[in-house]
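Written below as structure tokens is the structure these notes are about.
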Amino acid sequence: MSGGAPYVGARKRLGGRSRLSGAGFDECGKDKEDAVPMTKVTFNDASGASRTVEAQIGSTVMETALRNSVPGIEAECGGACACATCHVYVAPQWTEAVGKPSQMEEDMLDFAADVRPNSRLSCQIKVTEALDGLVVTTPARQG
Ligand code: FES
């Protein structure tokens with residue numbers, strides 16, 4: 001390599017983006033959250049408390065909850081659909097847009113408490129533009 005910036009090759013291999021910029025930071029560690037497409041998700045809890053948070057398109061509802069310290073989502077398996085501690089109830093007006101659980105998710109929901117027809121595992125709900133304004137409720141207890 002002669003002359004030029006030594007990291008140009010690495011940047012090209014990463015599709016023009018550094019790993020850090022893909023994580024929401026530029027090379028100087030400056031926050032680039034504004035560049036990440038965002039939407040909103042509202043989490044209600046069993047007591048009636050409500051909080052609306054920003055959610056990154058492409059993340060999951062569970063990741064959004066953890067990133068925003070939303071209580072009531074434990075996510076012990078980290079999103080592998082193997083614990084059912086990220087159980088939520090999807091608001092009736094959102095059930096069609098969110099869709100039905102996969103067979104694997106339905107099987108895991110058998111381990112959740114107080115399962116209802118609108119129950120979903122939040123790690124299996126991908127945040128998309130179509131879900132902007134999504135409302136979910138966390139159960140009184142997980143597991
Ligand atoms: Fe474990 Fe969702 S985080 S099933």
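Each chain in the structure tokens gets a letter, A, B, ..., in the order shown, and its residues are numbered from 1; ligands are numbered from 1 in order too.
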List all protein, DNA and RNA residues that have any atom at most 9 Å from ligand 1, counting only C-alpha atoms and all ligand atoms, and write the list as a ChimeraX atom specification. /A:62-63,73-87,105,108-109,121-124
With DSSP run on the backbone, what are the helix (DSSP H, G or I) residues within segment 48-101 of chain A? I'd like them as a PyMOL selection string. chain A and resi 61-67+92-98
Please, could you write that set of residues out with C-alpha atoms as an mmCIF file, in the first residue's frame?
```cif
data_model
loop_
_atom_site.group_PDB
_atom_site.id
_atom_site.type_symbol
_atom_site.label_atom_id
_atom_site.label_comp_id
_atom_site.auth_asym_id
_atom_site.auth_seq_id
_atom_site.Cartn_x
_atom_site.Cartn_y
_atom_site.Cartn_z
ATOM 1 C CA VAL A 61 -39.326 -5.117 19.732
ATOM 2 C CA MET A 62 -37.397 -6.998 22.434
ATOM 3 C CA GLU A 63 -34.133 -5.229 21.531
ATOM 4 C CA THR A 64 -35.989 -1.931 21.580
ATOM 5 C CA ALA A 65 -37.284 -2.665 25.079
ATOM 6 C CA LEU A 66 -33.844 -3.554 26.417
ATOM 7 C CA ARG A 67 -32.173 -0.575 24.732
ATOM 8 C CA PRO A 92 -55.788 -5.356 18.927
ATOM 9 C CA GLN A 93 -55.360 -2.710 16.224
ATOM 10 C CA TRP A 94 -51.839 -4.031 15.516
ATOM 11 C CA THR A 95 -52.329 -7.807 15.502
ATOM 12 C CA GLU A 96 -52.908 -8.037 11.753
ATOM 13 C CA ALA A 97 -49.904 -5.869 10.874
ATOM 14 C CA VAL A 98 -47.644 -7.769 13.275
#
```
I want to know what sits within 7 Å of Ser119 of chain A, based on only C-alpha atoms, with residues of the same chain fewer than 2 positions away left out; could you give that as a short mmCIF file (atom, residue, chain, number, x, y, z; two decimals) with C-alpha atoms, in the first residue's frame?
```cif
data_model
loop_
_atom_site.label_atom_id
_atom_site.label_comp_id
_atom_site.auth_asym_id
_atom_site.auth_seq_id
_atom_site.Cartn_x
_atom_site.Cartn_y
_atom_site.Cartn_z
CA HIS A 87 -43.73 -12.12 26.10
CA VAL A 88 -45.98 -9.18 25.14
CA TYR A 89 -49.60 -8.65 24.16
CA VAL A 90 -50.00 -6.90 20.83
CA VAL A 115 -51.02 -16.49 27.14
CA ARG A 116 -53.78 -14.84 25.11
CA PRO A 117 -54.71 -14.84 21.40
#
```
How close does each residue of segment 40-80 of chain A get to segment 128-137 of chain A, giving the shortest atom pair and distance in Å to one decimal for every residue with an atom at most 9 Å away, counting only C-alpha atoms, sorted by chain and residue number, as CSV?
```
residue,atom,partner,partner_atom,distance
A:Lys40,CA,A:Gly133,CA,5.0
A:Val41,CA,A:Leu134,CA,4.9
A:Thr42,CA,A:Val135,CA,4.7
A:Phe43,CA,A:Val136,CA,5.2
A:Asn44,CA,A:Thr137,CA,4.5
A:Asp45,CA,A:Thr137,CA,5.3
A:Ala46,CA,A:Thr137,CA,7.0
A:Gly48,CA,A:Thr137,CA,8.8
A:Ser50,CA,A:Thr137,CA,8.7
A:Thr52,CA,A:Gly133,CA,8.6
A:Ala55,CA,A:Asp132,CA,8.8
A:Gln56,CA,A:Thr128,CA,8.3
A:Ile57,CA,A:Thr128,CA,5.2
A:Gly58,CA,A:Thr128,CA,6.2
A:Ser59,CA,A:Thr128,CA,8.3
A:Thr60,CA,A:Thr128,CA,8.9
```
How would the residues just picked look written out with N, CA and C atoms as a JSON list (two decimals), in the first residue's frame?
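Dumped everything to again-v1.json:
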```json
[["chain", "number", "residue", "atom", "x", "y", "z"],
["A", 40, "LYS", "N", -41.54, 4.44, 16.18],
["A", 40, "LYS", "CA", -41.91, 4.50, 17.60],
["A", 40, "LYS", "C", -42.65, 3.22, 18.01],
["A", 41, "VAL", "N", -42.38, 2.79, 19.23],
["A", 41, "VAL", "CA", -43.10, 1.68, 19.82],
["A", 41, "VAL", "C", -43.55, 2.12, 21.21],
["A", 42, "THR", "N", -44.80, 1.85, 21.53],
["A", 42, "THR", "CA", -45.31, 2.15, 22.87],
["A", 42, "THR", "C", -45.44, 0.86, 23.67],
["A", 43, "PHE", "N", -44.86, 0.88, 24.85],
["A", 43, "PHE", "CA", -44.95, -0.24, 25.78],
["A", 43, "PHE", "C", -45.85, 0.17, 26.94],
["A", 44, "ASN", "N", -46.94, -0.54, 27.10],
["A", 44, "ASN", "CA", -47.78, -0.37, 28.28],
["A", 44, "ASN", "C", -47.42, -1.50, 29.24],
["A", 45, "ASP", "N", -47.67, -1.28, 30.51],
["A", 45, "ASP", "CA", -47.47, -2.39, 31.44],
["A", 45, "ASP", "C", -48.78, -2.75, 32.12],
["A", 46, "ALA", "N", -48.74, -3.81, 32.90],
["A", 46, "ALA", "CA", -49.97, -4.34, 33.50],
["A", 46, "ALA", "C", -50.62, -3.33, 34.44],
["A", 48, "GLY", "N", -50.84, -0.17, 33.81],
["A", 48, "GLY", "CA", -51.40, 0.91, 33.01],
["A", 48, "GLY", "C", -50.39, 1.99, 32.65],
["A", 50, "SER", "N", -47.41, 3.75, 30.70],
["A", 50, "SER", "CA", -47.11, 3.70, 29.27],
["A", 50, "SER", "C", -45.84, 4.48, 28.98],
["A", 52, "THR", "N", -43.45, 5.52, 25.41],
["A", 52, "THR", "CA", -43.21, 5.45, 23.97],
["A", 52, "THR", "C", -41.73, 5.73, 23.74],
["A", 55, "ALA", "N", -37.48, 3.28, 18.10],
["A", 55, "ALA", "CA", -37.04, 1.93, 17.74],
["A", 55, "ALA", "C", -36.35, 1.99, 16.39],
["A", 56, "GLN", "N", -35.23, 1.30, 16.27],
["A", 56, "GLN", "CA", -34.51, 1.24, 15.00],
["A", 56, "GLN", "C", -35.20, 0.26, 14.07],
["A", 57, "ILE", "N", -35.43, 0.71, 12.84],
["A", 57, "ILE", "CA", -35.95, -0.19, 11.81],
["A", 57, "ILE", "C", -34.94, -1.34, 11.67],
["A", 58, "GLY", "N", -35.45, -2.55, 11.67],
["A", 58, "GLY", "CA", -34.58, -3.72, 11.52],
["A", 58, "GLY", "C", -34.24, -4.38, 12.84],
["A", 59, "SER", "N", -34.43, -3.67, 13.93],
["A", 59, "SER", "CA", -34.22, -4.29, 15.24],
["A", 59, "SER", "C", -35.49, -5.05, 15.61],
["A", 60, "THR", "N", -35.53, -5.63, 16.79],
["A", 60, "THR", "CA", -36.75, -6.29, 17.23],
["A", 60, "THR", "C", -37.39, -5.48, 18.36]]
```
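Note that DSSP on the backbone gives strand (DSSP E or B) to these residues of segment 95-140 of chain A: Ser119, Arg120, Leu121, Lys126, Leu134, Val135, Val136 and Thr137 of chain A.
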What gap, in Å, lies between atom CA of Pro37 of chain A and atom CA of Lys126 of chain A? 13.5 Å
